[in-house]
$ cat upload-v3.cif   # mmCIF, C-alpha atoms and all ligand atoms
data_model
loop_
_atom_site.label_atom_id
_atom_site.label_comp_id
_atom_site.auth_asym_id
_atom_site.auth_seq_id
_atom_site.Cartn_x
_atom_site.Cartn_y
_atom_site.Cartn_z
CA MET I 1 -12.43 -18.30 6.55
CA LYS I 2 -12.77 -20.65 3.55
CA GLN I 3 -13.88 -17.85 1.25
CA TYR I 4 -10.48 -16.13 1.59
CA LYS I 5 -7.57 -17.06 -0.64
CA SER I 6 -5.41 -18.08 2.27
CA ALA I 7 -5.14 -17.87 6.03
CA SER I 8 -2.64 -15.05 5.55
CA LYS I 9 -5.14 -12.97 3.54
CA PHE I 10 -7.73 -13.52 6.23
CA ILE I 11 -5.31 -12.47 8.96
CA SER I 12 -4.35 -9.38 7.02
CA LEU I 13 -8.02 -8.47 6.69
CA VAL I 14 -8.60 -8.93 10.43
CA LEU I 15 -5.42 -7.16 11.59
CA ARG I 16 -5.65 -4.19 9.22
CA HIS I 17 -9.20 -3.60 8.13
CA GLN I 18 -12.02 -5.56 9.69
CA PRO I 19 -11.23 -6.97 13.15
CA GLU I 20 -14.97 -7.04 13.79
CA ILE I 21 -15.37 -10.08 11.55
CA ILE I 22 -13.92 -12.13 14.39
CA GLY I 23 -15.46 -9.93 17.06
CA VAL I 24 -12.30 -8.11 18.19
CA GLN I 25 -10.97 -4.57 18.16
CA LEU I 26 -7.44 -3.38 17.49
CA GLU I 27 -5.83 -1.73 20.50
CA TYR I 28 -5.53 1.92 19.52
CA TYR I 29 -1.92 2.17 20.73
CA GLY I 30 0.03 -0.53 18.93
CA ALA I 31 -2.78 -2.06 16.84
CA TRP I 32 -2.49 -5.28 18.83
CA VAL I 33 -5.04 -8.10 18.84
CA PRO I 34 -5.08 -11.04 21.29
CA VAL I 35 -3.51 -14.11 19.65
CA LYS I 36 -6.18 -16.36 21.15
CA ALA I 37 -8.93 -14.45 19.37
CA VAL I 38 -7.10 -14.72 16.05
CA LEU I 39 -6.55 -18.46 16.45
CA ARG I 40 -10.19 -18.98 17.28
CA GLY I 41 -11.44 -16.63 14.56
CA ALA I 42 -9.24 -18.09 11.83
CA GLY I 43 -9.46 -21.70 12.99
CA LEU I 44 -5.67 -22.02 13.23
CA THR I 45 -3.31 -23.60 15.71
CA MET I 46 -0.54 -21.53 17.29
CA GLU I 47 2.02 -23.46 15.22
CA GLU I 48 0.19 -22.59 12.02
CA LEU I 49 -0.03 -18.91 12.96
CA GLU I 50 3.66 -18.81 13.90
CA ARG I 51 4.49 -20.29 10.52
CA ILE I 52 2.42 -17.66 8.71
CA VAL I 53 4.17 -14.87 10.62
CA GLU I 54 7.65 -16.32 10.08
CA THR I 55 7.25 -17.15 6.40
CA ASP I 56 5.30 -14.11 5.23
CA GLU I 57 7.25 -12.79 2.25
CA LYS I 58 6.70 -9.16 3.22
CA GLY I 59 7.07 -9.59 6.97
CA ARG I 60 3.56 -8.25 7.37
CA TYR I 61 2.93 -9.41 10.96
CA SER I 62 4.61 -9.31 14.35
CA PHE I 63 3.98 -10.91 17.72
CA ASN I 64 4.61 -9.07 20.97
CA GLU I 65 7.35 -10.41 23.24
CA ASP I 66 5.39 -13.17 24.94
CA LYS I 67 3.36 -13.97 21.81
CA THR I 68 0.04 -13.18 23.45
CA LYS I 69 -0.66 -10.43 20.90
CA ILE I 70 -0.21 -10.02 17.17
CA ARG I 71 -0.39 -7.05 14.80
CA ALA I 72 0.14 -6.03 11.20
CA ASN I 73 3.30 -3.93 10.80
CA GLN I 74 1.61 -1.53 8.37
CA GLY I 75 -1.25 -1.16 5.93
CA HIS I 76 -4.07 -0.39 8.36
CA SER I 77 -7.28 1.27 7.39
CA VAL I 78 -8.49 1.10 11.01
CA ASP I 79 -7.47 4.19 12.96
CA VAL I 80 -4.52 3.06 15.12
CA ASP I 81 -1.25 4.48 16.41
CA LEU I 82 1.67 2.15 15.73
CA GLY I 83 3.92 4.34 17.85
CA LEU I 84 6.40 4.92 15.02
CA GLU I 85 8.77 7.88 15.37
CA PRO I 86 9.11 10.19 12.37
CA ILE I 87 12.48 9.66 10.68
CA GLN I 88 14.46 11.19 7.84
CA PRO I 89 13.73 9.39 4.56
CA PRO I 90 16.16 8.74 1.71
CA GLU I 91 16.32 11.52 -0.92
CA LYS I 92 14.17 9.52 -3.32
CA LEU I 93 11.33 7.10 -2.65
CA TYR I 94 9.07 5.34 -5.14
CA HIS I 95 5.36 4.70 -5.43
CA GLY I 96 3.97 1.93 -7.57
CA THR I 97 0.58 2.46 -9.13
CA VAL I 98 -1.26 1.97 -12.45
CA GLY I 99 -2.08 4.29 -15.34
CA ARG I 100 -5.74 4.71 -14.52
CA PHE I 101 -4.89 6.47 -11.25
CA LEU I 102 -2.48 8.99 -12.77
CA GLY I 103 -5.19 11.56 -13.57
CA GLY I 104 -6.27 11.69 -9.93
CA ILE I 105 -2.70 11.68 -8.67
CA GLN I 106 -1.75 14.53 -11.02
CA LYS I 107 -4.72 16.52 -9.76
CA GLU I 108 -4.43 15.98 -6.00
CA GLY I 109 -1.10 14.27 -5.35
CA LEU I 110 -0.77 10.91 -3.60
CA LYS I 111 -3.53 10.41 -1.05
CA ALA I 112 -3.76 7.72 1.59
CA GLY I 113 -7.29 6.82 0.55
CA LYS I 114 -8.74 4.18 2.86
CA ARG I 115 -5.43 3.41 4.49
CA GLN I 116 -3.74 5.55 7.13
CA PHE I 117 -0.73 6.36 4.96
CA VAL I 118 0.57 6.61 1.43
CA HIS I 119 2.94 3.67 0.99
CA LEU I 120 6.34 4.28 -0.56
CA SER I 121 9.22 1.96 -1.42
CA ALA I 122 12.95 2.51 -1.14
CA ASP I 123 13.58 0.84 -4.50
CA VAL I 124 11.99 0.80 -7.94
CA GLU I 125 11.67 -3.01 -8.00
CA THR I 126 9.41 -3.07 -4.96
CA ALA I 127 7.32 -0.20 -6.31
CA LEU I 128 6.89 -2.11 -9.58
CA ALA I 129 5.64 -5.13 -7.64
CA VAL I 130 3.15 -2.93 -5.72
CA GLY I 131 1.82 -1.48 -8.97
CA ARG I 132 1.63 -4.89 -10.63
CA ARG I 133 -1.07 -5.97 -8.16
CA ARG I 134 -3.46 -3.84 -10.22
CA GLY I 135 -2.18 -4.12 -13.79
CA LYS I 136 0.65 -2.67 -15.83
CA PRO I 137 2.77 -0.90 -13.22
CA VAL I 138 3.72 2.76 -13.31
CA VAL I 139 6.33 4.04 -10.86
CA LEU I 140 6.41 7.59 -9.55
CA GLN I 141 9.52 9.08 -8.02
CA VAL I 142 8.85 10.98 -4.81
CA ASP I 143 11.20 13.76 -3.77
CA ALA I 144 11.16 12.62 -0.16
CA GLY I 145 14.25 14.63 0.79
CA ARG I 146 12.59 17.88 -0.21
CA MET I 147 9.30 16.89 1.43
CA TYR I 148 11.16 16.19 4.64
CA GLU I 149 12.90 19.59 4.48
CA ASP I 150 9.49 21.14 3.98
CA GLY I 151 8.19 19.52 7.17
CA TYR I 152 6.37 16.40 6.03
CA PRO I 153 6.88 13.57 8.53
CA PHE I 154 7.95 10.14 7.26
CA PHE I 155 7.69 6.81 9.02
CA LEU I 156 9.37 3.46 8.39
CA SER I 157 7.38 0.35 9.29
CA ALA I 158 8.98 -2.66 10.99
CA ASN I 159 8.93 -4.42 7.61
CA GLY I 160 10.60 -1.66 5.62
CA VAL I 161 7.66 0.22 4.09
CA TRP I 162 8.06 4.01 4.00
CA MET I 163 4.92 5.93 4.86
CA THR I 164 3.73 9.51 4.78
CA LYS I 165 0.30 11.09 5.10
CA GLU I 166 0.29 12.52 1.58
CA ALA I 167 2.59 13.56 -1.23
CA PRO I 168 1.55 16.71 -3.12
CA THR I 169 2.07 16.81 -6.89
CA LYS I 170 5.05 19.14 -6.80
CA TYR I 171 7.14 16.40 -5.15
CA LEU I 172 6.23 13.75 -7.72
CA LYS I 173 7.98 12.83 -10.94
CA MET I 174 5.70 10.89 -13.25
C1 LIG I 201 -3.76 5.27 -5.66
C2 LIG I 201 0.47 -3.79 -0.35
C3 LIG I 201 -6.21 8.37 -7.55
C4 LIG I 201 -2.44 4.66 -5.31
C5 LIG I 201 1.56 -3.11 -1.15
C6 LIG I 201 -2.82 3.20 -5.11
C7 LIG I 201 1.77 -1.81 -0.44
C8 LIG I 201 -4.65 7.53 -6.08
C9 LIG I 201 -4.25 3.26 -4.61
C10 LIG I 201 0.51 -1.59 0.33
C11 LIG I 201 -4.42 8.84 -5.57
C12 LIG I 201 -4.37 2.98 -3.14
C13 LIG I 201 -0.21 -0.36 -0.14
C14 LIG I 201 -5.15 9.91 -6.13
C15 LIG I 201 -3.13 7.46 -4.53
N1 LIG I 201 -6.04 9.63 -7.11
N2 LIG I 201 -5.54 7.30 -7.07
N3 LIG I 201 -5.00 11.16 -5.71
N4 LIG I 201 -3.48 8.75 -4.60
N5 LIG I 201 -3.84 6.72 -5.43
O1 LIG I 201 -3.76 -0.50 -1.77
O2 LIG I 201 0.22 1.79 -2.26
O3 LIG I 201 0.50 -6.84 0.20
O4 LIG I 201 -4.27 1.62 -0.45
O5 LIG I 201 -1.50 4.84 -6.33
O6 LIG I 201 2.72 -3.88 -1.25
O7 LIG I 201 -1.26 0.27 -3.72
O8 LIG I 201 -1.19 -5.46 1.37
O9 LIG I 201 -2.11 1.43 -1.61
O10 LIG I 201 -2.78 2.49 -6.32
O11 LIG I 201 2.85 -1.78 0.43
O12 LIG I 201 0.95 -6.06 2.51
O13 LIG I 201 -4.69 4.59 -4.85
O14 LIG I 201 -0.30 -2.73 0.11
O15 LIG I 201 1.00 -4.49 0.71
O16 LIG I 201 -4.21 1.60 -2.95
O17 LIG I 201 -0.53 -0.48 -1.51
P1 LIG I 201 -3.65 0.97 -1.63
P2 LIG I 201 -0.87 0.78 -2.38
P3 LIG I 201 0.27 -5.78 1.23
#
$ encode --input "upload-v3.cif" --output "C-alpha cells" --more "lines below"
Ligand code: HQG
Amino acid sequence: MKQYKSASKFISLVLRHQPEIIGVQLEYYGAWVPVKAVLRGAGLTMEELERIVETDEKGRYSFNEDKTKIRANQGHSVDVDLGLEPIQPPEKLYHGTVGRFLGGIQKEGLKAGKRQFVHLSADVETALAVGRRRGKPVVLQVDAGRMYEDGYPFFLSANGVWMTKEAPTKYLKM
C-alpha cells in the first residue's frame, strides 16, 4: 500500500483495475467487492474507508445499502456490468485530452482504450481538468445529441460522468 500516493489511489486501483492485488474479484454484475477484503488489503479501518468514500472529490466510490460491499462508480478496466440504463445525453458533451493524442483521435475517433467506456463531461471546465492530468489540455466537443439519434447508447455514472463505447470522428469538433 505504501508505494501508492494515497489510500484513495490504492482503492481506485483495486476497485477498477487490479482487484487481484488484494486477492479479490469484482462481482460481474455491479462491480462490487466485499468491504472486509478492502479493509484488510488496504490496511484501513472502516472509519477511514468511510471517510475516503464521503470526502472523495469526484464521488468515485459507493457502498451498498448495508455497507458490506463497495464499488467504483465508473472508470473500470475490468469487464463488469454496472447495470446502468442507457439514457438520452445532452446535445453537447466534452472530452478532455492532450495534443499528442489528437492524431489518433482524428484517425479513429474516441476509443475506450483500456477502460470500458470513453469518458465525457457535461461541461468544459471538467473536461479541461481531465485533460490537465496529462499536460496542456485540449477539449473536444462531442455531438452527443446526433450520436444518440444515430443509435449510440449513452450512460451516466452515479457520480455524473457521461460514458459511451466510442465516438467516431464525424461527431467530434476539435
Ligand atoms: C485518449 C479520470 C489516441 C483519450 C478522469 C485519453 C476521467 C485516444 C486517453 C476518467 C484515442 C485514455 C477517464 C485515440 C481516446 N487515439 N488517444 N483514438 N481515443 N484517446 O484515462 O478520459 O480521476 O482511459 O483522449 O477524470 O483521460 O480516474 O481516459 O486521453 O473521468 O476518477 O486516450 O479518469 O477520473 O485515457 O479519463 P483514460 P480519460 P479518475
$ axis_aligned_box --input "upload-v3.cif" --around "ligand LIG 201 (chain I)" --padding-each-side "6 Å" --output "JSON"
{"center_x": -1.7, "center_y": 2.2, "center_z": -2.5, "size_x": 21.1, "size_y": 30.0, "size_z": 22.1}
$ residues_near_ligand --input "upload-v3.cif" --ligand "ligand LIG 201 (chain I)" --cutoff "6 Å" --atoms "all atoms listed in the file" --output "list in words"
Arg60, Gly75, Thr97, Phe101, Gly104, Ile105, Glu108, Gly109, Leu110, Lys111, Arg115, His119 and Val130 of chain I
$ residues_around --input "upload-v3.cif" --residues "Val14 in chain I" --least-positions-apart "4" --cutoff "12 Å" --atoms "only C-alpha atoms" --output "MDAnalysis selection string"
chainID I and resid 1 4 7:10 18:26 31:35 37:39 41:42 61 70:72 75:78
$ write_last_selection --input "upload-v3.cif" --atoms "C-alpha atoms" --output "CSV table (one decimal), in the coordinates of the input"
chain,number,residue,atom,x,y,z
I,1,MET,CA,-12.4,-18.3,6.6
I,4,TYR,CA,-10.5,-16.1,1.6
I,7,ALA,CA,-5.1,-17.9,6.0
I,8,SER,CA,-2.6,-15.0,5.6
I,9,LYS,CA,-5.1,-13.0,3.5
I,10,PHE,CA,-7.7,-13.5,6.2
I,18,GLN,CA,-12.0,-5.6,9.7
I,19,PRO,CA,-11.2,-7.0,13.2
I,20,GLU,CA,-15.0,-7.0,13.8
I,21,ILE,CA,-15.4,-10.1,11.6
I,22,ILE,CA,-13.9,-12.1,14.4
I,23,GLY,CA,-15.5,-9.9,17.1
I,24,VAL,CA,-12.3,-8.1,18.2
I,25,GLN,CA,-11.0,-4.6,18.2
I,26,LEU,CA,-7.4,-3.4,17.5
I,31,ALA,CA,-2.8,-2.1,16.8
I,32,TRP,CA,-2.5,-5.3,18.8
I,33,VAL,CA,-5.0,-8.1,18.8
I,34,PRO,CA,-5.1,-11.0,21.3
I,35,VAL,CA,-3.5,-14.1,19.6
I,37,ALA,CA,-8.9,-14.4,19.4
I,38,VAL,CA,-7.1,-14.7,16.0
I,39,LEU,CA,-6.6,-18.5,16.4
I,41,GLY,CA,-11.4,-16.6,14.6
I,42,ALA,CA,-9.2,-18.1,11.8
I,61,TYR,CA,2.9,-9.4,11.0
I,70,ILE,CA,-0.2,-10.0,17.2
I,71,ARG,CA,-0.4,-7.0,14.8
I,72,ALA,CA,0.1,-6.0,11.2
I,75,GLY,CA,-1.2,-1.2,5.9
I,76,HIS,CA,-4.1,-0.4,8.4
I,77,SER,CA,-7.3,1.3,7.4
I,78,VAL,CA,-8.5,1.1,11.0
$ closest_residue --input "upload-v3.cif" --among "I:Ala144, I:Lys136, I:Ser62, I:Gly103" --to "Gln74 in chain I" --atoms "only C-alpha atoms"
I:Ser62
$ closest_residue --input "upload-v3.cif" --among "I:Glu48, I:Glu166, I:Asp66, I:Glu27" --to "Phe154 in chain I" --atoms "only C-alpha atoms"
I:Glu166
$ atom_distance --input "upload-v3.cif" --atom1 "CA of Arg146 in chain I" --atom2 "CA of Leu102 in chain I"
21.5 Å
$ closest_residue --input "upload-v3.cif" --among "I:Tyr94, I:Tyr171, I:Tyr29, I:Tyr148" --to "Asp79 in chain I" --atoms "only C-alpha atoms"
I:Tyr29
$ atom_distance --input "upload-v3.cif" --atom1 "CA of Asn73 in chain I" --atom2 "CA of Gly59 in chain I"
7.8 Å
